[in-house]
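Structure file final17.tsv (TSV, N, CA and C atoms) is printed below.
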chain	number	residue	atom	x	y	z
M	1	MET	N	147.80	109.84	107.57
M	1	MET	CA	146.63	109.87	106.71
M	1	MET	C	146.58	111.22	106.00
M	2	ALA	N	146.17	111.23	104.74
M	2	ALA	CA	146.12	112.46	103.96
M	2	ALA	C	144.94	113.31	104.41
M	3	VAL	N	145.20	114.62	104.47
M	3	VAL	CA	144.18	115.58	104.87
M	3	VAL	C	144.08	116.64	103.79
M	4	PRO	N	142.86	117.05	103.38
M	4	PRO	CA	142.74	118.08	102.35
M	4	PRO	C	143.37	119.40	102.80
M	5	GLN	N	144.05	120.08	101.87
M	5	GLN	CA	144.68	121.35	102.18
M	5	GLN	C	143.65	122.45	102.37
M	6	ARG	N	142.60	122.43	101.55
M	6	ARG	CA	141.56	123.46	101.62
M	6	ARG	C	140.18	122.81	101.66
M	7	ARG	N	139.25	123.55	102.21
M	7	ARG	CA	137.88	123.05	102.29
M	7	ARG	C	137.23	123.09	100.91
M	8	LYS	N	136.47	122.05	100.59
M	8	LYS	CA	135.73	122.02	99.32
M	8	LYS	C	134.51	122.90	99.45
M	9	SER	N	134.25	123.72	98.42
M	9	SER	CA	133.07	124.58	98.45
M	9	SER	C	131.81	123.74	98.28
M	10	LYS	N	130.67	124.30	98.67
M	10	LYS	CA	129.39	123.59	98.56
M	10	LYS	C	129.10	123.25	97.10
M	11	THR	N	129.37	124.20	96.22
M	11	THR	CA	129.09	123.99	94.80
M	11	THR	C	129.89	122.83	94.25
M	12	ARG	N	131.18	122.80	94.60
M	12	ARG	CA	132.05	121.74	94.09
M	12	ARG	C	131.62	120.37	94.58
M	13	SER	N	131.30	120.27	95.85
M	13	SER	CA	130.92	118.96	96.39
M	13	SER	C	129.55	118.54	95.88
M	14	ARG	N	128.64	119.48	95.67
M	14	ARG	CA	127.32	119.15	95.16
M	14	ARG	C	127.38	118.74	93.69
M	15	LYS	N	128.26	119.36	92.92
M	15	LYS	CA	128.44	118.96	91.52
M	15	LYS	C	128.95	117.53	91.45
M	16	GLN	N	129.90	117.21	92.30
M	16	GLN	CA	130.48	115.87	92.31
M	16	GLN	C	129.42	114.84	92.74
M	17	ARG	N	128.60	115.19	93.70
M	17	ARG	CA	127.55	114.30	94.18
M	17	ARG	C	126.46	114.10	93.12
M	18	ALA	N	126.16	115.16	92.36
M	18	ALA	CA	125.11	115.10	91.35
M	18	ALA	C	125.50	114.17	90.20
M	19	ALA	N	126.79	114.06	89.91
M	19	ALA	CA	127.25	113.20	88.83
M	19	ALA	C	126.96	111.74	89.14
M	20	ASN	N	126.96	111.35	90.41
M	20	ASN	CA	126.69	109.97	90.80
M	20	ASN	C	125.21	109.65	90.75
M	21	LEU	N	124.34	110.64	90.78
M	21	LEU	CA	122.91	110.41	90.82
M	21	LEU	C	122.31	110.20	89.43
M	22	LYS	N	123.04	110.57	88.41
M	22	LYS	CA	122.52	110.42	87.05
M	22	LYS	C	122.54	108.96	86.66
M	23	THR	N	121.36	108.38	86.45
M	23	THR	CA	121.28	106.99	86.04
M	23	THR	C	120.71	106.92	84.64
M	24	PRO	N	121.16	106.01	83.84
M	24	PRO	CA	120.63	105.90	82.49
M	24	PRO	C	119.19	105.42	82.50
M	25	ALA	N	118.42	105.85	81.51
M	25	ALA	CA	117.03	105.42	81.39
M	25	ALA	C	116.98	103.96	80.99
M	26	ILE	N	115.90	103.29	81.40
M	26	ILE	CA	115.73	101.89	81.06
M	26	ILE	C	115.43	101.78	79.58
M	27	GLY	N	116.19	100.97	78.89
M	27	GLY	CA	115.95	100.76	77.47
M	27	GLY	C	114.79	99.82	77.26
M	28	TYR	N	113.88	100.18	76.41
M	28	TYR	CA	112.73	99.34	76.12
M	28	TYR	C	112.94	98.63	74.79
M	29	SER	N	112.41	97.43	74.71
M	29	SER	CA	112.42	96.68	73.46
M	29	SER	C	110.99	96.43	73.05
M	30	THR	N	110.80	95.92	71.84
M	30	THR	CA	109.44	95.65	71.38
M	30	THR	C	109.11	94.18	71.58
M	31	CYS	N	107.88	93.91	71.90
M	31	CYS	CA	107.40	92.54	72.07
M	31	CYS	C	107.34	91.88	70.70
M	32	SER	N	107.84	90.65	70.62
M	32	SER	CA	107.83	89.94	69.34
M	32	SER	C	106.43	89.46	68.96
M	33	ASN	N	105.53	89.37	69.95
M	33	ASN	CA	104.18	88.88	69.70
M	33	ASN	C	103.23	90.00	69.28
M	34	CYS	N	103.19	91.09	70.06
M	34	CYS	CA	102.21	92.15	69.78
M	34	CYS	C	102.82	93.46	69.31
M	35	GLY	N	104.14	93.63	69.47
M	35	GLY	CA	104.81	94.85	69.02
M	35	GLY	C	104.78	96.00	69.99
M	36	GLU	N	104.20	95.81	71.17
M	36	GLU	CA	104.16	96.87	72.18
M	36	GLU	C	105.53	96.99	72.85
M	37	PRO	N	105.88	98.19	73.34
M	37	PRO	CA	107.16	98.31	74.05
M	37	PRO	C	107.10	97.59	75.40
M	38	LYS	N	108.20	96.92	75.74
M	38	LYS	CA	108.27	96.20	77.01
M	38	LYS	C	109.69	96.27	77.54
M	39	ARG	N	109.84	96.06	78.85
M	39	ARG	CA	111.16	96.05	79.46
M	39	ARG	C	111.87	94.75	79.10
M	40	PRO	N	113.17	94.80	78.87
M	40	PRO	CA	113.89	93.58	78.51
M	40	PRO	C	113.88	92.57	79.66
M	41	HIS	N	113.77	91.30	79.32
M	41	HIS	CA	113.76	90.18	80.27
M	41	HIS	C	112.55	90.22	81.20
M	42	HIS	N	111.44	90.77	80.74
M	42	HIS	CA	110.19	90.82	81.51
M	42	HIS	C	109.04	90.32	80.63
M	43	VAL	N	107.98	89.87	81.28
M	43	VAL	CA	106.77	89.45	80.57
M	43	VAL	C	106.10	90.69	80.01
M	44	CYS	N	105.59	90.59	78.78
M	44	CYS	CA	104.90	91.71	78.15
M	44	CYS	C	103.61	92.00	78.92
M	45	ALA	N	103.38	93.26	79.24
M	45	ALA	CA	102.21	93.64	80.03
M	45	ALA	C	100.93	93.60	79.21
M	46	SER	N	101.04	93.76	77.89
M	46	SER	CA	99.83	93.82	77.08
M	46	SER	C	99.34	92.45	76.64
M	47	CYS	N	100.26	91.50	76.36
M	47	CYS	CA	99.82	90.18	75.88
M	47	CYS	C	100.21	89.03	76.80
M	48	GLY	N	101.16	89.23	77.72
M	48	GLY	CA	101.54	88.19	78.67
M	48	GLY	C	102.48	87.14	78.12
M	49	VAL	N	103.19	87.44	77.05
M	49	VAL	CA	104.10	86.48	76.42
M	49	VAL	C	105.53	86.81	76.80
M	50	TYR	N	106.32	85.76	77.08
M	50	TYR	CA	107.75	85.91	77.33
M	50	TYR	C	108.49	84.79	76.62
M	51	ARG	N	109.40	85.13	75.74
M	51	ARG	CA	110.21	84.19	74.96
M	51	ARG	C	109.35	83.17	74.22
M	52	GLY	N	108.26	83.64	73.62
M	52	GLY	CA	107.43	82.78	72.79
M	52	GLY	C	106.40	81.96	73.54
M	53	ARG	N	106.38	82.05	74.87
M	53	ARG	CA	105.40	81.28	75.65
M	53	ARG	C	104.46	82.23	76.37
M	54	THR	N	103.18	81.85	76.45
M	54	THR	CA	102.21	82.65	77.20
M	54	THR	C	102.31	82.27	78.66
M	55	LEU	N	102.73	83.23	79.48
M	55	LEU	CA	102.92	82.98	80.90
M	55	LEU	C	101.81	83.57	81.75
M	56	ARG	N	101.06	84.50	81.17
M	56	ARG	CA	100.04	85.17	81.97
M	56	ARG	C	98.86	85.48	81.07
M	57	ASN	N	97.67	85.19	81.53
M	57	ASN	CA	96.46	85.54	80.78
M	57	ASN	C	96.12	87.00	81.06
M	58	VAL	N	96.00	87.77	79.99
M	58	VAL	CA	95.67	89.19	80.13
M	58	VAL	C	94.25	89.38	79.59
M	59	GLU	N	93.39	89.93	80.43
M	59	GLU	CA	91.98	90.14	80.04
M	59	GLU	C	91.86	91.42	79.23
M	60	GLU	N	91.05	91.37	78.19
M	60	GLU	CA	90.77	92.56	77.38
M	60	GLU	C	89.80	93.44	78.13
M	61	VAL	N	90.03	94.74	78.07
M	61	VAL	CA	89.15	95.70	78.78
M	61	VAL	C	88.05	96.15	77.89

Show the structure stored in the file as structure tokens.
Amino acid sequence: MAVPQRRKSKTRSRKQRAANLKTPAIGYSTCSNCGEPKRPHHVCASCGVYRGRTLRNVEEV
């Protein structure tokens, strides 16, 4: 089995670990009904419409 020749420094291993933690931000799209930003493939939180159908009644405040 292969064994490292030298010990990895803390900085080097932490840099390598930090690269795996970077996740891309969730891209938002606009609702076709009300124009508010919403997550893709989710029901709109402001109007309750998904793919042209009203799935949830949202009460006005």

DSSP-assigned strand (DSSP E) among chain M, expressed as an MDAnalysis selection string: chainID M and resid 29:30 37:38 49:50 53:54

Distance in Å - CA of Tyr28 (chain M) versus CA of Ser46 (chain M): 14.1 Å

Gap from CA of Gly27 (chain M) to CA of Arg14 (chain M) - Å, one decimal: 27.9 Å

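Across the structure, atom N of Val58 (chain M) and atom C of His41 (chain M) are spaced 16.8 Å apart.
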
All residues 12 Å or closer to Pro37 (chain M), only C-alpha atoms, same chain fewer than 4 positions away omitted, as a list of chain:residue names: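 Answer for this query is M:Ile26, M:Gly27, M:Tyr28, M:Ser29, M:Thr30, M:Cys31, M:Ser32, M:Asn33, M:His42, M:Val43, M:Cys44, M:Ala45, M:Ser46, M:Cys47.
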